[in-house]
Structure formats: structure tokens, C-alpha cells
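Okay, structure.txt now, which holds compact mmCIF, C-alpha atoms:
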```txt
# COMPACT_ATOMS: atom_id res chain seq x y z
CA MET K 1 0.00 0.00 0.00
CA ALA K 2 1.36 3.41 -0.96
CA ARG K 3 2.53 5.61 1.88
CA ARG K 4 0.04 8.40 2.57
CA ARG K 5 0.81 12.04 3.22
CA GLN K 6 0.48 12.98 6.87
CA ILE K 7 -1.33 16.28 7.35
CA TYR K 8 -1.30 16.66 11.12
CA GLU K 9 -0.48 14.75 14.30
CA GLY K 10 -2.25 15.55 17.55
CA LYS K 11 -2.12 14.06 21.00
CA ALA K 12 -4.58 11.26 20.24
CA LYS K 13 -4.88 11.06 16.45
CA ILE K 14 -2.96 11.39 13.20
CA ILE K 15 -4.66 12.92 10.17
CA PHE K 16 -3.71 11.61 6.72
CA GLU K 17 -4.65 12.74 3.25
CA GLY K 18 -7.80 10.93 2.15
CA PRO K 19 -8.23 8.64 -0.86
CA GLU K 20 -10.44 11.15 -2.65
CA PRO K 21 -10.73 14.95 -2.72
CA GLY K 22 -12.51 16.47 0.25
CA THR K 23 -11.69 13.58 2.59
CA VAL K 24 -9.09 12.79 5.26
CA VAL K 25 -8.30 9.70 7.30
CA GLN K 26 -8.29 9.81 11.11
CA TYR K 27 -5.91 7.32 12.74
CA PHE K 28 -6.58 6.71 16.44
CA LYS K 29 -3.47 6.31 18.61
CA ASP K 30 -3.04 4.62 21.98
CA ASP K 31 -1.17 7.68 23.29
CA ALA K 32 -2.76 9.40 26.26
CA THR K 33 -2.02 12.85 27.64
CA ALA K 34 -3.33 15.01 30.46
CA GLY K 35 -2.78 18.62 31.40
CA ASN K 36 -2.06 19.57 27.76
CA GLY K 37 0.84 17.15 27.61
CA ALA K 38 2.17 17.56 31.17
CA LYS K 39 1.46 13.86 31.70
CA SER K 40 1.72 11.25 28.97
CA GLY K 41 1.47 7.53 28.60
CA ILE K 42 -0.04 4.67 26.62
CA ILE K 43 -3.47 3.12 27.12
CA THR K 44 -3.22 -0.19 25.31
CA GLY K 45 -5.99 -0.65 22.75
CA LYS K 46 -7.47 2.81 23.36
CA GLY K 47 -7.26 3.79 19.70
CA VAL K 48 -9.18 0.69 18.59
CA LEU K 49 -11.91 1.25 21.18
CA ASN K 50 -12.23 4.99 20.54
CA ASN K 51 -12.50 4.39 16.80
CA ARG K 52 -15.39 1.98 17.33
CA ILE K 53 -17.14 4.02 20.03
CA SER K 54 -16.89 7.25 18.02
CA GLU K 55 -18.13 5.51 14.87
CA TYR K 56 -21.15 4.14 16.71
CA LEU K 57 -22.07 7.45 18.35
CA MET K 58 -21.52 9.52 15.20
CA LEU K 59 -23.78 7.19 13.21
CA ARG K 60 -26.47 7.33 15.88
CA LEU K 61 -26.27 11.14 15.88
CA GLN K 62 -26.50 11.22 12.08
CA ASP K 63 -29.67 9.13 12.37
CA MET K 64 -31.03 11.89 14.64
CA GLY K 65 -30.31 14.55 12.00
CA ILE K 66 -27.09 15.89 13.51
CA PRO K 67 -24.64 16.70 10.66
CA THR K 68 -21.18 15.19 11.19
CA HIS K 69 -17.93 14.79 9.27
CA PHE K 70 -18.03 10.99 9.62
CA ILE K 71 -18.22 8.89 6.44
CA ARG K 72 -17.22 5.34 7.41
CA ARG K 73 -14.80 3.28 9.45
CA LEU K 74 -11.95 1.90 7.35
CA ASN K 75 -10.38 -0.58 9.75
CA MET K 76 -9.75 -1.06 13.45
CA ARG K 77 -7.88 2.21 13.93
CA GLU K 78 -8.95 4.42 11.04
CA GLN K 79 -12.01 6.18 9.78
CA LEU K 80 -12.73 8.21 6.68
CA VAL K 81 -14.14 11.67 7.37
CA LYS K 82 -14.97 14.78 5.38
CA GLU K 83 -12.28 17.43 5.29
CA VAL K 84 -13.45 20.47 7.25
CA GLU K 85 -12.09 23.77 8.49
CA ILE K 86 -11.99 23.27 12.25
CA VAL K 87 -13.51 26.09 14.31
CA PRO K 88 -10.78 26.91 16.91
CA LEU K 89 -13.09 26.29 19.85
CA GLU K 90 -13.84 23.44 22.21
CA VAL K 91 -17.54 23.38 23.10
CA VAL K 92 -18.01 21.77 26.51
CA VAL K 93 -21.42 20.70 27.78
CA ARG K 94 -21.72 19.98 31.50
CA ASN K 95 -24.54 18.15 33.26
CA VAL K 96 -22.80 17.36 36.56
CA VAL K 97 -20.09 19.29 38.46
CA ALA K 98 -16.66 17.75 37.80
CA GLY K 99 -13.13 18.62 36.74
CA SER K 100 -12.27 22.27 36.21
CA LEU K 101 -15.81 23.45 37.01
CA SER K 102 -15.42 22.04 40.52
CA LYS K 103 -12.01 23.67 40.96
CA ARG K 104 -13.02 27.08 39.62
CA PHE K 105 -16.08 27.50 41.80
CA GLY K 106 -15.30 25.29 44.78
CA LEU K 107 -18.27 23.06 44.08
CA PRO K 108 -18.40 19.41 45.14
CA GLU K 109 -17.93 16.91 42.34
CA GLY K 110 -21.09 15.00 41.56
CA GLU K 111 -23.56 17.85 42.12
CA ARG K 112 -26.08 17.80 39.28
CA LEU K 113 -26.53 21.15 37.54
CA PRO K 114 -30.06 22.59 37.25
CA ARG K 115 -29.63 22.72 33.48
CA ALA K 116 -26.96 21.85 30.93
CA LEU K 117 -24.13 24.38 30.99
CA VAL K 118 -22.34 25.22 27.72
CA GLU K 119 -18.80 26.62 27.88
CA TYR K 120 -16.30 27.62 25.20
CA TYR K 121 -12.54 27.15 25.28
CA TYR K 122 -10.06 28.56 22.78
CA LYS K 123 -8.14 25.70 21.15
CA ASN K 124 -4.54 26.60 21.90
CA ASP K 125 -2.29 24.14 23.75
CA ALA K 126 0.39 26.78 24.40
CA LEU K 127 -2.21 28.81 26.32
CA ASN K 128 -3.75 25.75 28.03
CA ASP K 129 -7.03 26.12 26.09
CA PRO K 130 -8.40 29.11 28.05
CA LEU K 131 -12.07 29.52 28.88
CA VAL K 132 -13.51 32.30 26.70
CA SER K 133 -16.76 34.24 26.47
CA GLU K 134 -18.99 34.71 23.45
CA ASN K 135 -17.68 38.28 23.25
CA HIS K 136 -14.10 37.00 22.98
CA ILE K 137 -15.15 34.63 20.22
CA THR K 138 -16.92 37.22 18.09
CA THR K 139 -14.38 39.99 18.76
CA PHE K 140 -11.46 37.83 17.65
CA GLN K 141 -13.60 36.38 14.84
CA TRP K 142 -13.04 32.76 15.79
CA ALA K 143 -16.72 32.26 14.96
CA HIS K 144 -19.62 34.46 13.88
CA PRO K 145 -22.70 35.01 16.08
CA GLN K 146 -24.86 32.71 13.92
CA GLU K 147 -22.20 29.99 14.11
CA LEU K 148 -22.14 30.30 17.89
CA GLU K 149 -25.91 29.94 18.01
CA ASP K 150 -25.77 26.91 15.72
CA MET K 151 -22.99 25.26 17.75
CA GLU K 152 -24.88 25.71 21.02
CA THR K 153 -28.10 24.37 19.52
CA LEU K 154 -26.31 21.32 18.09
CA ALA K 155 -24.34 20.73 21.29
CA LEU K 156 -27.51 20.69 23.39
CA ARG K 157 -29.19 18.31 20.93
CA VAL K 158 -26.18 16.01 21.15
CA ASN K 159 -26.33 16.23 24.94
CA ASP K 160 -30.02 15.33 25.07
CA PHE K 161 -29.57 12.31 22.82
CA LEU K 162 -26.33 10.97 24.33
CA SER K 163 -27.57 11.45 27.90
CA GLY K 164 -30.55 9.23 27.17
CA LEU K 165 -28.60 6.68 25.17
CA LEU K 166 -25.93 6.28 27.85
CA ALA K 167 -28.41 6.25 30.72
CA GLY K 168 -30.01 3.28 28.99
CA VAL K 169 -26.77 1.31 29.47
CA GLY K 170 -26.17 2.47 33.03
CA ILE K 171 -23.81 5.40 32.34
CA THR K 172 -24.15 9.04 33.44
CA LEU K 173 -22.94 11.58 30.87
CA VAL K 174 -21.25 14.01 33.27
CA ASP K 175 -19.76 16.33 30.64
CA PHE K 176 -18.15 16.17 27.22
CA LYS K 177 -16.21 18.20 24.67
CA LEU K 178 -17.25 18.74 21.06
CA GLU K 179 -15.47 20.26 18.10
CA PHE K 180 -17.13 21.65 14.99
CA GLY K 181 -15.90 22.17 11.46
CA ARG K 182 -16.94 24.29 8.51
CA LEU K 183 -17.84 22.03 5.60
CA TRP K 184 -17.67 23.81 2.25
CA GLU K 185 -19.79 22.52 -0.61
CA GLY K 186 -19.17 24.92 -3.47
CA ASP K 187 -19.95 28.39 -2.14
CA GLU K 188 -22.17 26.98 0.60
CA MET K 189 -20.85 26.41 4.13
CA ARG K 190 -22.44 24.51 6.98
CA LEU K 191 -21.26 23.54 10.44
CA VAL K 192 -20.84 19.86 11.18
CA LEU K 193 -19.76 17.88 14.24
CA ALA K 194 -16.09 16.90 13.88
CA ASP K 195 -13.25 15.18 15.79
CA GLU K 196 -14.51 12.25 17.92
CA ILE K 197 -16.83 11.30 20.77
CA SER K 198 -15.22 8.79 23.11
CA PRO K 199 -14.09 8.25 26.72
CA ASP K 200 -11.15 10.51 25.82
CA ASN K 201 -13.36 13.59 25.66
CA CYS K 202 -16.38 12.59 27.76
CA ARG K 203 -16.72 12.10 31.50
CA LEU K 204 -18.68 8.90 31.98
CA TRP K 205 -19.70 7.57 35.41
CA ASP K 206 -21.46 4.37 36.33
CA ILE K 207 -25.00 5.37 37.28
CA ARG K 208 -25.13 3.20 40.43
CA THR K 209 -21.60 3.60 41.82
CA ASN K 210 -20.32 6.84 40.19
CA GLU K 211 -17.20 4.88 39.24
CA LYS K 212 -15.28 6.74 36.55
CA MET K 213 -15.24 5.09 33.10
CA ASP K 214 -13.18 7.60 31.13
CA LYS K 215 -9.76 9.27 30.83
CA ASP K 216 -10.01 10.63 34.37
CA ARG K 217 -8.78 7.19 35.41
CA PHE K 218 -5.53 8.05 33.61
CA ARG K 219 -5.44 11.69 34.73
CA ARG K 220 -5.89 10.74 38.40
CA ASP K 221 -3.86 7.51 38.43
CA LEU K 222 -6.90 5.44 39.35
CA GLY K 223 -5.74 2.39 37.41
CA ARG K 224 -7.79 -0.02 35.26
CA VAL K 225 -7.94 2.53 32.44
CA GLU K 226 -8.09 -0.04 29.63
CA GLU K 227 -10.82 -1.95 31.44
CA ALA K 228 -12.92 1.20 31.81
CA TYR K 229 -12.80 1.94 28.06
CA GLN K 230 -13.60 -1.70 27.31
CA GLU K 231 -16.58 -1.59 29.67
CA VAL K 232 -18.03 1.44 27.87
CA ALA K 233 -17.68 -0.38 24.54
CA ARG K 234 -19.15 -3.55 26.03
CA ARG K 235 -22.22 -1.76 27.36
CA LEU K 236 -22.77 -0.14 23.98
CA GLY K 237 -22.44 -3.55 22.33
CA ILE K 238 -19.48 -2.58 20.15
CA LEU K 239 -16.38 -4.38 21.38
CA PRO K 240 -13.79 -4.55 18.58
CA GLU K 241 -13.24 -7.63 16.42
CA SER K 242 -10.01 -8.42 18.27
CA GLY K 243 -8.52 -7.25 21.50
CA LYS K 244 -5.15 -5.90 22.42
CA GLY K 245 -2.19 -5.87 20.08
CA ASP K 246 -4.04 -5.55 16.78
CA ASN K 247 -1.61 -5.86 13.91
CA MET K 248 -2.83 -3.82 10.98
CA THR K 249 -1.18 -2.71 7.79
CA ALA K 250 -2.26 0.86 8.54
CA GLU K 251 -0.16 0.88 11.69
CA ASN K 252 2.90 -0.24 9.76
CA GLU K 253 2.64 2.69 7.38
CA GLN K 254 3.74 5.27 9.94
```
How would this structure read if it were set down as C-alpha cells?
Amino acid sequence: MARRRQIYEGKAKIIFEGPEPGTVVQYFKDDATAGNGAKSGIITGKGVLNNRISEYLMLRLQDMGIPTHFIRRLNMREQLVKEVEIVPLEVVVRNVVAGSLSKRFGLPEGERLPRALVEYYYKNDALNDPLVSENHITTFQWAHPQELEDMETLALRVNDFLSGLLAGVGITLVDFKLEFGRLWEGDEMRLVLADEISPDNCRLWDIRTNEKMDKDRFRRDLGRVEEAYQEVARRLGILPESGKGDNMTAENEQ
């Protein structure tokens, strides 16, 4: 297989040139980071699980009318997606107090919020992805007012659907991060959901025990990180075809 051109490498994924115009390939790595790279390590099999979990959730969201960049999964670690212009914002939806929200306001983790809270963070690792206001966003032209309105509307729709879906398999959706991209079709542009949805960018707690089932197990040295990701996939009914140590041609192309 011909070697593909690498476009970008992030903390959790590598982006390659796609097989046809207007597409790229997302390769999911096992690398794990916390604190914008202050802590790093490997979660064995994470890339395989995140690829499958994100595929499943993106397809379910598409069925609900949420536009996404997802086209299809290619193999155990790769998926084909539409090429988009990423909006430089992380859109975080919070249902339960946890993480930085708890630290900023001195609130106890686990307190359910009276309504879903939407926050925006500027995507910039060097600045530690600072929390920003809608005025910052429009002043610096990271997004236009209508785009902000569309992102919030879509984020809340995603939250409503995923909260119900996950509750059905015994998981509380505490909070999660979304990214959006501008998809150009001729002169027309529309916002679509991009990146991934997985235990890497969601806080997921067992409904009965509040046991963490996401990357917080890595961030906080709680152990059993691989098992937590596997349990999320198991409850969703999407465990990968094979387990640890998959040996794919795609991996050998790096």
C-alpha cells in the first residue's frame, strides 16, 4: 500500500490525506495525555476502542439529523471523514459538576446542575485552552454570532440524545467536549460535528456507583484505564473484532 501524506499529528490522532478529494483519514493512537501534555502515557488498545465508540455514536447522531464529518470506518484504527475547516473552539457541555468546574467555583464533584451548561474554550495548547466568552469569540472572529448559536443548539441536541442513550446502558454523561468544522460545498458552508466522541473527551460515570469510566482514570492515576474503556464499549455492544495488540497494515505505514 502506498505511503500516505500525513497532514497533522495531535495528542490522540494522526490525520492523513484521504483517498479522494474532500476527505481525510483519522488514525486513532493509543497515546494518552493530560494537562495539555504535562502527563503522557499509553493506554493499550485505546485507539481501537475509541474508533469503534466514536463511529457508533456519530452514526447514531446522524440518524437523529445531527450533521457530522463521519463517512465510514476503514479498519480497526482508522475512519474516513470529510475534510473540514476546524472552528478553533472546544464546546463543553456539563450536566454534573466535575473537573475544572469544581475547581473554579469550589463546588463538590457529583452535584447535578439545574440545566446543561455550555462553555467555550479557545483551542490553543500553548495557552492551556483558556475559557472564553462569546464576546471574545466574536471579537477575535473565531466564529460568527450565527455559528455560535448553531454550535450551542447542536451541542444541546447532542447532549439530550447521548444522555438518554448512555443512561439506557447504566452510564451518566457528566460532561463532554465537542469540536465543529466548517464544511464547504461549493460556495455553501455549513457547520458539522467533527473530531470524535469517546471516553477521551467525555466524562462517563457508572449510574449506580459513580465509578469513573473515562480518561479521568488516567489523569488521576486510578488504574484499570483499559478496562474502563472496554466496559463502555461492552455496554454499547461494540467491542472490537479483536482485542489488544491488533496488527494492521495501517499501523505499519507510519
Do you know which residues are at most 6 Å from Asp30 in chain K counting only C-alpha atoms, after dropping those on the same chain fewer than 4 positions away, and could you put them as a PyMOL selection string?
chain K and resi 42-44+46-47
For CA of Glu55 in chain K and CA of Gly164 in chain K, quote the distance in Å rounded to one decimal.
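We find that CA of Glu55 in chain K and CA of Gly164 in chain K lie 17.9 Å from each other.
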Find, counting all atoms listed in the file, the residue in K:His144, K:Ile7, K:Ser40, K:Ile137 that gets nearest to Arg219 in chain K.
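When distances to Arg219 in chain K are compared using all atoms listed in the file, the smallest one comes from K:Ser40.
Of the listed residues (K:Arg94, K:Lys29, K:Arg182, K:Arg220), K:Arg182 comes nearest to Trp142 in chain K; the distances count only C-alpha atoms.
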Have a look at K:Gln141, K:Asn75, K:Ser133, K:Gln6 and name the one nearest to Val87 in chain K; count all atoms listed in the file.
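Using all atoms listed in the file, Val87 in chain K sits closest to K:Gln141.
Neighbourhood of point (-0.3, 11.9, 26.6): residues with an atom at most 12 Å away, counting only C-alpha atoms, are Gly10, Lys11, Ala12, Lys13, Lys29, Asp30, Asp31, Ala32, Thr33, Ala34, Gly35, Asn36, Gly37, Ala38, Lys39, Ser40, Gly41, Ile42, Ile43, Asp200, Lys215, Phe218 and Arg219 of chain K.
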Selection near Tyr56 in chain K, 12 Å with only C-alpha atoms, sequence-local residues under 2 positions removed, as a PyMOL selection string
chain K and resi 49-54+58-63+70-73+79+162+165+196-198+232-233+236-240
Answer as a PyMOL selection string, residues within 12 Å of (-0.5, 14.8, -0.4) using all atoms listed in the file:
chain K and resi 2-8+15-21+23-24
Which residues, written as a list of chain:residue names, have at least one atom at most 7 Å from range 167-179 of chain K, with only C-alpha atoms counted and residues fewer than 5 positions away on the same chain left out?
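Within the cut-off, the hits are K:Leu89, K:Glu90, K:Val91, K:Val92, K:Val93, K:Arg94, K:Asn95, K:Val96, K:Leu193, K:Ala194, K:Asp195, K:Asn201, K:Cys202, K:Arg203, K:Leu204, K:Trp205, K:Asp206, K:Ile207, K:Arg235, K:Leu236.
Excluding Tyr27 in chain K itself and any same-chain residue fewer than 5 positions from it, the protein and nucleic acid residues within 6 Å of it, counting all atoms listed in the file, are Lys13, Ile14, Arg77 and Glu78 of chain K.
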Kindly export the residues of the current selection with C-alpha atoms, as a PDB file, in the frame of the given file.
```
ATOM      1  CA  LYS K  13      -4.880  11.060  16.450  1.00  0.00           C
ATOM      2  CA  ILE K  14      -2.960  11.390  13.200  1.00  0.00           C
ATOM      3  CA  ARG K  77      -7.880   2.210  13.930  1.00  0.00           C
ATOM      4  CA  GLU K  78      -8.950   4.420  11.040  1.00  0.00           C
TER       5      GLU K  78
END
```
Distance of CA of Leu57 in chain K from CA of Leu166 in chain K, expressed in Å to one decimal place:
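One can read the CA of Leu166 in chain K to CA of Leu57 in chain K distance as 10.3 Å.
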Work out how far apart CA of Leu101 in chain K and CA of Pro130 in chain K are and give it in Å to one decimal.
12.9 Å
Spatial neighbours of Leu156 in chain K, 9 Å, only C-alpha atoms, chain gap at least 5 places, as a compact mmCIF listing (two decimals) with C-alpha atoms, keeping the file's coordinate frame:
```txt
# COMPACT_ATOMS: atom_id res chain seq x y z
CA VAL K 93 -21.42 20.70 27.78
CA ALA K 116 -26.96 21.85 30.93
CA VAL K 118 -22.34 25.22 27.72
CA MET K 151 -22.99 25.26 17.75
CA PHE K 161 -29.57 12.31 22.82
```
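Between Leu80 in chain K and the residues K:Tyr229, K:Ala155, K:Thr68, K:Glu185, the shortest atom-to-atom distance, using only C-alpha atoms, involves K:Thr68.
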For a quick check of understanding, using all atoms listed in the file, which of K:Leu107, K:Met189, K:Thr153, K:Gly45 has the smallest distance to Ala228 in chain K?
K:Gly45
